[in-house]
file upload08.pdb (PDB, C-alpha atoms)
ATOM      1  CA  MET A  24       9.622   6.743  -5.802
ATOM      2  CA  LYS A  25      12.064   9.374  -4.549
ATOM      3  CA  LEU A  26      14.395   8.388  -7.407
ATOM      4  CA  ASN A  27      11.754   9.140 -10.054
ATOM      5  CA  PRO A  28      12.518  12.340 -12.012
ATOM      6  CA  LEU A  29       8.827  12.782 -12.996
ATOM      7  CA  LEU A  30       7.866  13.352  -9.370
ATOM      8  CA  SER A  31       7.517  16.812  -7.820
ATOM      9  CA  ASN A  32       6.011  15.985  -4.409
ATOM     10  CA  LEU A  33       6.137  12.785  -2.405
ATOM     11  CA  ALA A  34       3.759  12.637   0.584
ATOM     12  CA  LEU A  35       4.256   9.676   2.939
ATOM     13  CA  TYR A  36       1.453   8.567   5.234
ATOM     14  CA  ASP A  37       1.147   5.827   7.848
ATOM     15  CA  ILE A  38      -0.250   5.294  11.330
ATOM     16  CA  ALA A  39       3.270   5.521  12.843
ATOM     17  CA  ASN A  40       6.916   6.422  12.118
ATOM     18  CA  THR A  41       6.315   8.384   8.903
ATOM     19  CA  PRO A  42       8.051  11.643   9.860
ATOM     20  CA  GLY A  43      11.302   9.754  10.451
ATOM     21  CA  VAL A  44      11.086   7.866   7.164
ATOM     22  CA  ALA A  45      10.234  11.129   5.365
ATOM     23  CA  ALA A  46      13.248  12.903   6.909
ATOM     24  CA  ASP A  47      15.509  10.028   5.862
ATOM     25  CA  VAL A  48      14.202   9.806   2.282
ATOM     26  CA  SER A  49      14.192  13.609   1.894
ATOM     27  CA  HIS A  50      18.006  13.677   2.001
ATOM     28  CA  ILE A  51      18.251  11.860  -1.355
ATOM     29  CA  ASN A  52      19.417  14.419  -3.941
ATOM     30  CA  THR A  53      16.585  14.140  -6.444
ATOM     31  CA  GLY A  54      14.123  16.895  -7.318
ATOM     32  CA  SER A  55      10.993  15.904  -5.383
ATOM     33  CA  GLU A  56       9.929  17.472  -2.092
ATOM     34  CA  VAL A  57       9.138  14.945   0.658
ATOM     35  CA  SER A  58       6.637  15.342   3.490
ATOM     36  CA  GLY A  59       5.571  12.895   6.193
ATOM     37  CA  TYR A  60       2.102  12.590   7.711
ATOM     38  CA  VAL A  61       0.962  10.392  10.564
ATOM     39  CA  GLY A  62      -2.422   9.403  11.983
ATOM     40  CA  ASP A  63      -6.009   9.835  10.823
ATOM     41  CA  GLU A  64      -6.125  13.567  11.400
ATOM     42  CA  GLN A  65      -3.297  14.147   8.880
ATOM     43  CA  LEU A  66      -4.573  11.787   6.168
ATOM     44  CA  GLY A  67      -6.501  14.494   4.279
ATOM     45  CA  LYS A  68      -3.456  16.728   4.180
ATOM     46  CA  ALA A  69      -1.314  13.876   2.837
ATOM     47  CA  LEU A  70      -3.787  13.139   0.031
ATOM     48  CA  GLU A  71      -4.766  16.636  -1.070
ATOM     49  CA  GLY A  72      -3.676  17.455  -4.618
ATOM     50  CA  SER A  73      -2.260  13.992  -5.343
ATOM     51  CA  ASP A  74      -2.143  12.776  -8.958
ATOM     52  CA  ILE A  75      -1.272   9.221  -7.912
ATOM     53  CA  VAL A  76      -1.955   7.400  -4.647
ATOM     54  CA  ILE A  77      -0.017   4.186  -4.008
ATOM     55  CA  ILE A  78      -1.517   1.925  -1.330
ATOM     56  CA  PRO A  79       0.825  -0.754   0.056
ATOM     57  CA  ALA A  80      -0.758  -0.515   3.537
ATOM     58  CA  GLY A  81      -1.609  -3.530   5.648
ATOM     59  CA  VAL A  82      -0.045  -6.457   7.461
ATOM     60  CA  PRO A  83       2.423  -8.798   5.739
ATOM     61  CA  ARG A  84       1.889 -12.520   5.301
ATOM     62  CA  LYS A  85       3.492 -14.854   7.822
ATOM     63  CA  PRO A  86       4.323 -18.532   7.182
ATOM     64  CA  GLY A  87       1.190 -20.673   7.100
ATOM     65  CA  MET A  88      -1.045 -17.641   6.501
ATOM     66  CA  THR A  89      -3.061 -17.552   3.328
ATOM     67  CA  ARG A  90      -3.866 -14.255   1.662
ATOM     68  CA  ASP A  91      -7.373 -14.768   3.023
ATOM     69  CA  ASP A  92      -6.121 -14.688   6.604
ATOM     70  CA  LEU A  93      -5.006 -11.139   5.885
ATOM     71  CA  PHE A  94      -8.336 -10.256   4.403
ATOM     72  CA  ASN A  95     -10.275  -8.628   7.213
ATOM     73  CA  ILE A  96      -7.406  -6.486   8.480
ATOM     74  CA  ASN A  97      -6.241  -5.266   5.081
ATOM     75  CA  ALA A  98      -9.752  -4.898   3.659
ATOM     76  CA  GLY A  99     -10.670  -2.574   6.526
ATOM     77  CA  ILE A 100      -7.527  -0.472   6.052
ATOM     78  CA  VAL A 101      -8.144  -0.177   2.298
ATOM     79  CA  LYS A 102     -11.786   0.783   2.778
ATOM     80  CA  GLY A 103     -10.847   3.646   5.128
ATOM     81  CA  LEU A 104      -8.098   4.949   2.840
ATOM     82  CA  CYS A 105     -10.370   4.847  -0.212
ATOM     83  CA  GLN A 106     -13.070   6.806   1.611
ATOM     84  CA  ALA A 107     -10.432   9.498   2.229
ATOM     85  CA  ILE A 108      -9.246   9.413  -1.399
ATOM     86  CA  ALA A 109     -12.848   9.939  -2.575
ATOM     87  CA  LYS A 110     -12.999  13.008  -0.346
ATOM     88  CA  TYR A 111      -9.563  14.613  -0.792
ATOM     89  CA  CYS A 112      -8.240  13.584  -4.238
ATOM     90  CA  PRO A 113     -11.088  11.947  -6.170
ATOM     91  CA  HIS A 114      -9.308  12.261  -9.541
ATOM     92  CA  ALA A 115      -6.050  10.586  -8.487
ATOM     93  CA  LEU A 116      -4.866   7.367 -10.122
ATOM     94  CA  VAL A 117      -5.035   4.723  -7.389
ATOM     95  CA  ASN A 118      -2.341   2.002  -7.429
ATOM     96  CA  MET A 119      -3.537  -0.812  -5.156
ATOM     97  CA  ILE A 120      -0.776  -3.018  -3.767
ATOM     98  CA  SER A 121      -2.452  -4.142  -0.519
ATOM     99  CA  ASN A 122      -3.326  -7.832  -0.622
ATOM    100  CA  PRO A 123      -5.472  -9.625  -1.513
ATOM    101  CA  VAL A 124      -5.483  -7.418  -4.648
ATOM    102  CA  ASN A 125      -8.178  -9.642  -6.203
ATOM    103  CA  SER A 126     -10.504  -8.350  -3.444
ATOM    104  CA  THR A 127      -9.072  -4.945  -2.488
ATOM    105  CA  VAL A 128      -9.543  -3.491  -5.995
ATOM    106  CA  PRO A 129     -13.272  -4.381  -5.995
ATOM    107  CA  ILE A 130     -13.513  -2.914  -2.450
ATOM    108  CA  ALA A 131     -12.022   0.364  -3.695
ATOM    109  CA  ALA A 132     -14.405   0.413  -6.682
ATOM    110  CA  GLU A 133     -17.427  -0.028  -4.397
ATOM    111  CA  VAL A 134     -16.245   2.707  -1.994
ATOM    112  CA  PHE A 135     -15.747   5.120  -4.908
ATOM    113  CA  LYS A 136     -19.147   4.211  -6.408
ATOM    114  CA  LYS A 137     -20.827   4.996  -3.062
ATOM    115  CA  ALA A 138     -19.012   8.340  -2.942
ATOM    116  CA  GLY A 139     -19.993   9.110  -6.549
ATOM    117  CA  THR A 140     -16.335   9.437  -7.628
ATOM    118  CA  TYR A 141     -15.697   6.087  -9.328
ATOM    119  CA  ASP A 142     -13.789   6.200 -12.613
ATOM    120  CA  GLU A 143     -12.755   2.711 -13.730
ATOM    121  CA  LYS A 144      -9.931   4.243 -15.783
ATOM    122  CA  ARG A 145      -8.212   5.425 -12.586
ATOM    123  CA  LEU A 146      -8.166   2.303 -10.424
ATOM    124  CA  PHE A 147      -5.372  -0.259 -10.804
ATOM    125  CA  GLY A 148      -4.422  -3.435  -9.014
ATOM    126  CA  VAL A 149      -0.629  -3.591  -9.110
ATOM    127  CA  THR A 150       0.364  -7.025 -10.458
ATOM    128  CA  SER A 151       3.799  -5.888 -11.678
ATOM    129  CA  LEU A 152       5.648  -8.140  -9.230
ATOM    130  CA  ASP A 153       4.220 -11.173 -11.055
ATOM    131  CA  VAL A 154       5.634  -9.759 -14.303
ATOM    132  CA  VAL A 155       8.994  -8.988 -12.656
ATOM    133  CA  ARG A 156       9.206 -12.544 -11.289
ATOM    134  CA  ALA A 157       8.150 -14.135 -14.590
ATOM    135  CA  ARG A 158      10.862 -12.144 -16.415
ATOM    136  CA  THR A 159      13.550 -13.095 -13.889
ATOM    137  CA  PHE A 160      12.687 -16.806 -13.753
ATOM    138  CA  TYR A 161      12.283 -17.080 -17.545
ATOM    139  CA  ALA A 162      15.581 -15.316 -18.272
ATOM    140  CA  GLY A 163      17.362 -17.686 -15.871
ATOM    141  CA  LYS A 164      15.866 -20.784 -17.476
ATOM    142  CA  ALA A 165      16.186 -19.566 -21.107
ATOM    143  CA  ASN A 166      19.691 -18.207 -20.470
ATOM    144  CA  VAL A 167      18.949 -14.801 -22.028
ATOM    145  CA  PRO A 168      19.745 -11.320 -20.653
ATOM    146  CA  VAL A 169      16.839 -10.349 -18.378
ATOM    147  CA  ALA A 170      16.898  -6.674 -19.430
ATOM    148  CA  GLY A 171      15.295  -7.449 -22.790
ATOM    149  CA  VAL A 172      12.709  -9.961 -21.554
ATOM    150  CA  ASN A 173       8.988  -9.229 -21.677
ATOM    151  CA  ILE A 174       6.190 -11.575 -20.608
ATOM    152  CA  PRO A 175       2.533 -10.681 -20.142
ATOM    153  CA  VAL A 176       0.994 -11.968 -16.898
ATOM    154  CA  VAL A 177      -2.807 -12.053 -16.826
ATOM    155  CA  GLY A 178      -5.660 -12.986 -14.489
ATOM    156  CA  GLY A 179      -5.332 -11.942 -10.875
ATOM    157  CA  HIS A 180      -2.680 -11.605  -8.190
ATOM    158  CA  ALA A 181      -2.757 -14.763  -6.046
ATOM    159  CA  GLY A 182      -1.830 -18.394  -6.642
ATOM    160  CA  VAL A 183      -3.571 -20.018  -9.623
ATOM    161  CA  THR A 184      -5.115 -16.679 -10.672
ATOM    162  CA  ILE A 185      -1.605 -15.590 -11.742
ATOM    163  CA  LEU A 186      -1.154 -16.728 -15.353
ATOM    164  CA  PRO A 187       2.153 -15.877 -17.061
ATOM    165  CA  LEU A 188       1.815 -16.179 -20.846
ATOM    166  CA  PHE A 189       5.201 -17.736 -21.600
ATOM    167  CA  SER A 190       4.002 -18.600 -25.121
ATOM    168  CA  GLN A 191       4.136 -14.834 -25.806
ATOM    169  CA  ALA A 192       7.539 -14.333 -24.141
ATOM    170  CA  ASN A 193       9.990 -12.098 -25.893
ATOM    171  CA  PRO A 194      12.676 -13.164 -26.820
ATOM    172  CA  LYS A 195      11.426 -16.649 -27.743
ATOM    173  CA  ALA A 196      13.201 -19.655 -26.230
ATOM    174  CA  ASN A 197      12.628 -23.335 -26.889
ATOM    175  CA  LEU A 198      11.615 -24.454 -23.429
ATOM    176  CA  SER A 199       9.999 -27.839 -22.844
ATOM    177  CA  ASP A 200       6.408 -28.213 -21.623
ATOM    178  CA  GLU A 201       7.785 -29.382 -18.263
ATOM    179  CA  GLU A 202       9.918 -26.247 -17.958
ATOM    180  CA  ILE A 203       6.932 -24.004 -18.781
ATOM    181  CA  VAL A 204       4.803 -25.766 -16.153
ATOM    182  CA  ALA A 205       7.585 -25.355 -13.562
ATOM    183  CA  LEU A 206       8.126 -21.669 -14.450
ATOM    184  CA  THR A 207       4.384 -21.025 -14.212
ATOM    185  CA  LYS A 208       4.212 -22.683 -10.784
ATOM    186  CA  ARG A 209       7.240 -20.774  -9.555
ATOM    187  CA  THR A 210       5.750 -17.454 -10.700
ATOM    188  CA  GLN A 211       2.464 -18.301  -8.966
ATOM    189  CA  ASP A 212       4.270 -19.299  -5.757
ATOM    190  CA  GLY A 213       6.848 -16.481  -5.803
ATOM    191  CA  GLY A 214       5.339 -14.747  -2.775
ATOM    192  CA  THR A 215       5.334 -17.964  -0.746
ATOM    193  CA  GLU A 216       8.973 -18.603  -1.713
ATOM    194  CA  VAL A 217       9.948 -15.291  -0.074
ATOM    195  CA  VAL A 218       7.680 -15.755   2.972
ATOM    196  CA  GLU A 219       9.297 -19.142   3.658
ATOM    197  CA  ALA A 220      12.838 -17.863   3.049
ATOM    198  CA  LYS A 221      12.236 -15.013   5.524
ATOM    199  CA  ALA A 222      11.046 -17.612   8.059
ATOM    200  CA  GLY A 223       8.425 -15.526   9.804
ATOM    201  CA  LYS A 224      10.181 -12.185   9.423
ATOM    202  CA  GLY A 225       7.906 -10.819   6.681
ATOM    203  CA  SER A 226       7.001 -11.158   3.037
ATOM    204  CA  ALA A 227       8.237  -9.690  -0.260
ATOM    205  CA  THR A 228       8.961  -6.000   0.384
ATOM    206  CA  LEU A 229      12.059  -5.051  -1.620
ATOM    207  CA  SER A 230      11.062  -6.721  -4.883
ATOM    208  CA  MET A 231       7.523  -5.400  -4.323
ATOM    209  CA  ALA A 232       8.831  -1.856  -3.814
ATOM    210  CA  TYR A 233      10.752  -2.179  -7.084
ATOM    211  CA  ALA A 234       7.705  -3.524  -8.947
ATOM    212  CA  GLY A 235       5.426  -0.893  -7.376
ATOM    213  CA  ALA A 236       7.802   1.897  -8.396
ATOM    214  CA  LEU A 237       7.977   0.442 -11.911
ATOM    215  CA  PHE A 238       4.185   0.547 -12.282
ATOM    216  CA  ALA A 239       3.863   4.018 -10.747
ATOM    217  CA  ASP A 240       6.523   5.213 -13.199
ATOM    218  CA  ALA A 241       4.404   3.855 -16.076
ATOM    219  CA  CYS A 242       1.383   5.758 -14.688
ATOM    220  CA  LEU A 243       3.442   8.960 -14.438
ATOM    221  CA  LYS A 244       4.684   8.535 -18.012
ATOM    222  CA  GLY A 245       1.085   8.055 -19.149
ATOM    223  CA  LEU A 246      -0.031  11.208 -17.313
ATOM    224  CA  ASN A 247       2.842  13.071 -18.972
ATOM    225  CA  GLY A 248       1.710  12.019 -22.456
ATOM    226  CA  VAL A 249       4.475   9.520 -23.231
ATOM    227  CA  PRO A 250       3.062   7.333 -26.042
ATOM    228  CA  ASP A 251       2.698   3.531 -25.984
ATOM    229  CA  VAL A 252       3.097   2.900 -22.277
ATOM    230  CA  VAL A 253       1.783  -0.651 -21.829
ATOM    231  CA  GLU A 254       1.757  -2.578 -18.545
ATOM    232  CA  CYS A 255      -0.137  -5.546 -17.130
ATOM    233  CA  THR A 256      -2.529  -4.482 -14.360
ATOM    234  CA  PHE A 257      -5.734  -5.671 -12.645
ATOM    235  CA  VAL A 258      -8.578  -3.384 -13.763
ATOM    236  CA  GLN A 259     -12.294  -3.309 -14.500
ATOM    237  CA  SER A 260     -12.365  -5.239 -17.741
ATOM    238  CA  ASN A 261     -14.394  -6.878 -20.515
ATOM    239  CA  VAL A 262     -11.566  -9.204 -21.570
ATOM    240  CA  THR A 263     -13.356 -12.135 -19.856
ATOM    241  CA  GLU A 264     -16.795 -12.500 -18.283
ATOM    242  CA  LEU A 265     -15.278 -11.467 -14.919
ATOM    243  CA  PRO A 266     -15.754  -7.808 -13.880
ATOM    244  CA  PHE A 267     -12.054  -7.323 -13.030
ATOM    245  CA  PHE A 268      -9.100  -8.934 -14.764
ATOM    246  CA  ALA A 269      -5.384  -8.284 -15.261
ATOM    247  CA  SER A 270      -4.121  -7.970 -18.814
ATOM    248  CA  LYS A 271      -1.989  -5.608 -20.861
ATOM    249  CA  VAL A 272      -3.295  -2.035 -20.592
ATOM    250  CA  ARG A 273      -2.215   1.088 -22.463
ATOM    251  CA  LEU A 274      -1.772   3.952 -19.978
ATOM    252  CA  GLY A 275      -2.294   7.629 -20.756
ATOM    253  CA  LYS A 276      -3.463  11.011 -19.485
ATOM    254  CA  ASN A 277      -6.708   9.560 -18.085
ATOM    255  CA  GLY A 278      -5.198   6.409 -16.641
ATOM    256  CA  VAL A 279      -6.474   3.458 -18.697
ATOM    257  CA  GLU A 280      -6.491   4.437 -22.375
ATOM    258  CA  GLU A 281      -7.096   0.974 -23.783
ATOM    259  CA  ILE A 282      -7.429  -2.551 -22.396
ATOM    260  CA  LEU A 283      -5.633  -4.944 -24.710
ATOM    261  CA  GLY A 284      -6.832  -8.494 -25.379
ATOM    262  CA  LEU A 285      -5.103 -11.672 -24.238
ATOM    263  CA  GLY A 286      -3.649 -12.521 -27.646
ATOM    264  CA  PRO A 287      -3.043 -16.139 -28.758
ATOM    265  CA  LEU A 288      -2.866 -18.634 -25.861
ATOM    266  CA  SER A 289      -1.276 -22.089 -25.761
ATOM    267  CA  ASP A 290      -3.481 -25.026 -24.705
ATOM    268  CA  PHE A 291      -1.775 -25.012 -21.289
ATOM    269  CA  GLU A 292      -2.577 -21.296 -20.882
ATOM    270  CA  LYS A 293      -6.195 -21.771 -22.032
ATOM    271  CA  GLN A 294      -6.542 -24.448 -19.353
ATOM    272  CA  GLY A 295      -4.936 -22.141 -16.763
ATOM    273  CA  LEU A 296      -7.403 -19.406 -17.694
ATOM    274  CA  GLU A 297     -10.382 -21.729 -17.145
ATOM    275  CA  ASN A 298      -8.911 -23.110 -13.906
ATOM    276  CA  MET A 299      -8.554 -19.677 -12.285
ATOM    277  CA  LYS A 300     -11.997 -18.268 -13.054
ATOM    278  CA  SER A 301     -13.998 -19.628 -10.117
ATOM    279  CA  GLU A 302     -11.352 -18.589  -7.560
ATOM    280  CA  LEU A 303     -10.975 -15.122  -9.074
ATOM    281  CA  LYS A 304     -14.746 -14.680  -9.246
ATOM    282  CA  SER A 305     -15.185 -15.566  -5.561
ATOM    283  CA  SER A 306     -12.335 -13.210  -4.497
ATOM    284  CA  ILE A 307     -13.937 -10.342  -6.427
ATOM    285  CA  GLU A 308     -17.351 -11.106  -4.896
ATOM    286  CA  LYS A 309     -15.792 -11.300  -1.431
ATOM    287  CA  GLY A 310     -14.434  -7.766  -1.865
ATOM    288  CA  ILE A 311     -17.760  -6.392  -3.103
ATOM    289  CA  THR A 312     -19.621  -8.013  -0.187
ATOM    290  CA  PHE A 313     -17.124  -6.596   2.338
ATOM    291  CA  ALA A 314     -17.371  -3.091   0.899
ATOM    292  CA  ASN A 315     -21.153  -3.100   1.135
ATOM    293  CA  LYS A 316     -21.317  -4.354   4.738
TER     294      LYS A 316
END

call {"tool": "encode", "arguments": {"input": "upload08.pdb", "output": "structure tokens"}}
result
Amino acid sequence: MKLNPLLSNLALYDIANTPGVAADVSHINTGSEVSGYVGDEQLGKALEGSDIVIIPAGVPRKPGMTRDDLFNINAGIVKGLCQAIAKYCPHALVNMISNPVNSTVPIAAEVFKKAGTYDEKRLFGVTSLDVVRARTFYAGKANVPVAGVNIPVVGGHAGVTILPLFSQANPKANLSDEEIVALTKRTQDGGTEVVEAKAGKGSATLSMAYAGALFADACLKGLNGVPDVVECTFVQSNVTELPFFASKVRLGKNGVEEILGLGPLSDFEKQGLENMKSELKSSIEKGITFANK
């Protein structure tokens, strides 16, 4: 985020080590001012006046852990942070990265509803890493330059709920059904691929930081009135019967300007959409139940 020219102030907050990270990042010769805050008593100060709040807080996945194993720890962290956002910067766009996103976004929505500050146009689950992975894997298989590749990824942000729409990929490539199935599986399992490669030393952080910065940049462009900023993101939605769903969204001065439909789906994608619904529904309900405990 420090590299982003649209940024004027970057406030870093964590329960430890933030002043050191802030000092380090502050030396980068871009225009934004950097400040570091640490501990509960400084959280309000970190949040005050923010236009965007990015939440990547929580514990990383370790081998053998499912995203559900992370649930109670990360859900509690998210709940506390969202209560503070409702108090100190209720109009900020909230970019939720903390997993499981399929549950943490509904948790945030419930916390904001309780506080009377909920605006569904300002809450986003960041699914950009799924898009980044789909682009990379597709470009490799189709043998096209990755810079020009675009692929919508819809649904949620875990396992089978991640549905890359390769039938809508741009540029088009004649890939076989088997290749599409394999690319879909690899996109869905991208997080696990990194967890296993790191062999217990963490999960995807660098590619996630890139994807998170990409989505925050889109939000900043939207706030600045840049036209036709469209990104896939997990939001409150009427695209399916589920209350939250990731699809292409036009971003603007109020956050969500327009939620775009799914477009034409292949038979394989239609099947994938049906297959994910029960899992996505239960993850959303799990978040709502947790928030109202």

call {"tool": "resolve_selection", "arguments": {"input": "upload08.pdb", "expression": "the PyMOL selection byres ((chain A and resi 284) around 10)", "output": "PyMOL selection string"}}
result
chain A and resi 260-263+270-272+281-283+285-287

call {"tool": "resolve_selection", "arguments": {"input": "upload08.pdb", "expression": "the PyMOL selection byres ((chain A and resi 207-215) around 7)", "output": "PyMOL selection string"}}
result
chain A and resi 153+156-157+181-183+185+187+203-206+216-219+227

call {"tool": "residues_around", "arguments": {"input": "upload08.pdb", "residues": "A:Glu71", "least_positions_apart": "2", "cutoff": "7 Å", "atoms": "all atoms listed in the file", "output": "list in words"}}
result
Gly67, Lys68, Ala69, Ser73, Tyr111 and Cys112 of chain A

call {"tool": "residues_around", "arguments": {"input": "upload08.pdb", "residues": "stretch 41-53 of chain A", "least_positions_apart": "6", "cutoff": "12 Å", "atoms": "only C-alpha atoms", "output": "ChimeraX atom specification"}}
result
/A:24-35,59-62,65-66,69

call {"tool": "closest_residue", "arguments": {"input": "upload08.pdb", "among": "A:Gly81, A:Gly295, A:Pro266, A:Gly163", "to": "A:Ile96", "atoms": "only C-alpha atoms"}}
result
A:Gly81

call {"tool": "residues_around", "arguments": {"input": "upload08.pdb", "residues": "A:Val258", "least_positions_apart": "3", "cutoff": "10 Å", "atoms": "only C-alpha atoms", "output": "ChimeraX atom specification"}}
result
/A:125,128-129,132,143-149,179,255,261,266-272,279,282

call {"tool": "residues_around", "arguments": {"input": "upload08.pdb", "residues": "A:Lys137", "least_positions_apart": "5", "cutoff": "10 Å", "atoms": "all atoms listed in the file", "output": "list of chain:residue names"}}
result
A:Gln106, A:Ala109, A:Ala131, A:Ala132, A:Ala314, A:Asn315

call {"tool": "closest_residue", "arguments": {"input": "upload08.pdb", "among": "A:Leu296, A:Ala196, A:Leu303, A:Val101", "to": "A:Pro168", "atoms": "all atoms listed in the file"}}
result
A:Ala196

call {"tool": "resolve_selection", "arguments": {"input": "upload08.pdb", "expression": "the PyMOL selection byres ((chain A and resi 74-79) around 8)", "output": "list in words"}}
result
Leu70, Gly72, Ser73, Ala80, Gly81, Val101, Cys112, His114, Ala115, Leu116, Val117, Asn118, Met119, Ile120, Ser121 and Ala239 of chain A

call {"tool": "write_last_selection", "arguments": {"input": "upload08.pdb", "atoms": "C-alpha atoms", "output": "mmCIF file, in the coordinates of the input"}}
result
data_model
loop_
_atom_site.group_PDB
_atom_site.id
_atom_site.type_symbol
_atom_site.label_atom_id
_atom_site.label_comp_id
_atom_site.auth_asym_id
_atom_site.auth_seq_id
_atom_site.Cartn_x
_atom_site.Cartn_y
_atom_site.Cartn_z
ATOM 1 C CA LEU A 70 -3.787 13.139 0.031
ATOM 2 C CA GLY A 72 -3.676 17.455 -4.618
ATOM 3 C CA SER A 73 -2.260 13.992 -5.343
ATOM 4 C CA ALA A 80 -0.758 -0.515 3.537
ATOM 5 C CA GLY A 81 -1.609 -3.530 5.648
ATOM 6 C CA VAL A 101 -8.144 -0.177 2.298
ATOM 7 C CA CYS A 112 -8.240 13.584 -4.238
ATOM 8 C CA HIS A 114 -9.308 12.261 -9.541
ATOM 9 C CA ALA A 115 -6.050 10.586 -8.487
ATOM 10 C CA LEU A 116 -4.866 7.367 -10.122
ATOM 11 C CA VAL A 117 -5.035 4.723 -7.389
ATOM 12 C CA ASN A 118 -2.341 2.002 -7.429
ATOM 13 C CA MET A 119 -3.537 -0.812 -5.156
ATOM 14 C CA ILE A 120 -0.776 -3.018 -3.767
ATOM 15 C CA SER A 121 -2.452 -4.142 -0.519
ATOM 16 C CA ALA A 239 3.863 4.018 -10.747
#

call {"tool": "residues_around", "arguments": {"input": "upload08.pdb", "residues": "A:Val155", "least_positions_apart": "3", "cutoff": "9 Å", "atoms": "all atoms listed in the file", "output": "PDB file with C-alpha atoms, in the coordinates of the input"}}
result
ATOM      1  CA  SER A 151       3.799  -5.888 -11.678  1.00  0.00           C
ATOM      2  CA  LEU A 152       5.648  -8.140  -9.230  1.00  0.00           C
ATOM      3  CA  ARG A 158      10.862 -12.144 -16.415  1.00  0.00           C
ATOM      4  CA  THR A 159      13.550 -13.095 -13.889  1.00  0.00           C
ATOM      5  CA  PHE A 160      12.687 -16.806 -13.753  1.00  0.00           C
ATOM      6  CA  ILE A 174       6.190 -11.575 -20.608  1.00  0.00           C
ATOM      7  CA  SER A 230      11.062  -6.721  -4.883  1.00  0.00           C
ATOM      8  CA  TYR A 233      10.752  -2.179  -7.084  1.00  0.00           C
ATOM      9  CA  ALA A 234       7.705  -3.524  -8.947  1.00  0.00           C
TER      10      ALA A 234
END

call {"tool": "atom_distance", "arguments": {"input": "upload08.pdb", "atom1": "atom CA of A:Gln294", "atom2": "atom CA of A:Leu198"}}
result
18.6 Å

call {"tool": "atom_distance", "arguments": {"input": "upload08.pdb", "atom1": "atom CA of A:Ser190", "atom2": "atom CA of A:Leu288"}}
result
6.9 Å

call {"tool": "decode", "arguments": {"input": "upload08.pdb", "residues": "stretch 242-280 of chain A", "atoms": "C-alpha atoms", "output": "mmCIF file, in the first residue's frame"}}
result
data_model
loop_
_atom_site.group_PDB
_atom_site.id
_atom_site.type_symbol
_atom_site.label_atom_id
_atom_site.label_comp_id
_atom_site.auth_asym_id
_atom_site.auth_seq_id
_atom_site.Cartn_x
_atom_site.Cartn_y
_atom_site.Cartn_z
ATOM 1 C CA CYS A 242 -11.418 0.883 -4.082
ATOM 2 C CA LEU A 243 -9.246 4.018 -4.008
ATOM 3 C CA LYS A 244 -9.792 4.581 -7.734
ATOM 4 C CA GLY A 245 -13.540 4.221 -7.184
ATOM 5 C CA LEU A 246 -13.473 6.741 -4.320
ATOM 6 C CA ASN A 247 -11.538 9.111 -6.582
ATOM 7 C CA GLY A 248 -14.199 8.923 -9.305
ATOM 8 C CA VAL A 249 -12.271 6.850 -11.851
ATOM 9 C CA PRO A 250 -14.958 5.380 -14.155
ATOM 10 C CA ASP A 251 -15.528 1.675 -14.888
ATOM 11 C CA VAL A 252 -13.538 0.143 -12.061
ATOM 12 C CA VAL A 253 -14.758 -3.469 -11.965
ATOM 13 C CA GLU A 254 -13.431 -6.166 -9.629
ATOM 14 C CA CYS A 255 -14.686 -9.491 -8.297
ATOM 15 C CA THR A 256 -15.480 -9.293 -4.574
ATOM 16 C CA PHE A 257 -17.635 -11.043 -1.945
ATOM 17 C CA VAL A 258 -20.505 -8.697 -1.033
ATOM 18 C CA GLN A 259 -24.135 -8.630 0.049
ATOM 19 C CA SER A 260 -25.805 -9.673 -3.169
ATOM 20 C CA ASN A 261 -28.983 -10.655 -5.023
ATOM 21 C CA VAL A 262 -27.115 -12.486 -7.794
ATOM 22 C CA THR A 263 -28.139 -15.845 -6.245
ATOM 23 C CA GLU A 264 -30.508 -16.776 -3.424
ATOM 24 C CA LEU A 265 -27.561 -16.556 -0.984
ATOM 25 C CA PRO A 266 -27.252 -13.311 1.034
ATOM 26 C CA PHE A 267 -23.544 -12.868 0.195
ATOM 27 C CA PHE A 268 -21.821 -13.830 -3.035
ATOM 28 C CA ALA A 269 -18.697 -12.882 -4.992
ATOM 29 C CA SER A 270 -19.163 -11.610 -8.524
ATOM 30 C CA LYS A 271 -18.026 -8.697 -10.656
ATOM 31 C CA VAL A 272 -18.808 -5.383 -8.939
ATOM 32 C CA ARG A 273 -18.473 -1.835 -10.251
ATOM 33 C CA LEU A 274 -16.748 0.321 -7.615
ATOM 34 C CA GLY A 275 -17.301 4.043 -7.123
ATOM 35 C CA LYS A 276 -17.521 6.925 -4.661
ATOM 36 C CA ASN A 277 -19.874 5.000 -2.347
ATOM 37 C CA GLY A 278 -18.104 1.667 -2.589
ATOM 38 C CA VAL A 279 -20.381 -0.725 -4.500
ATOM 39 C CA GLU A 280 -21.992 1.155 -7.390
#
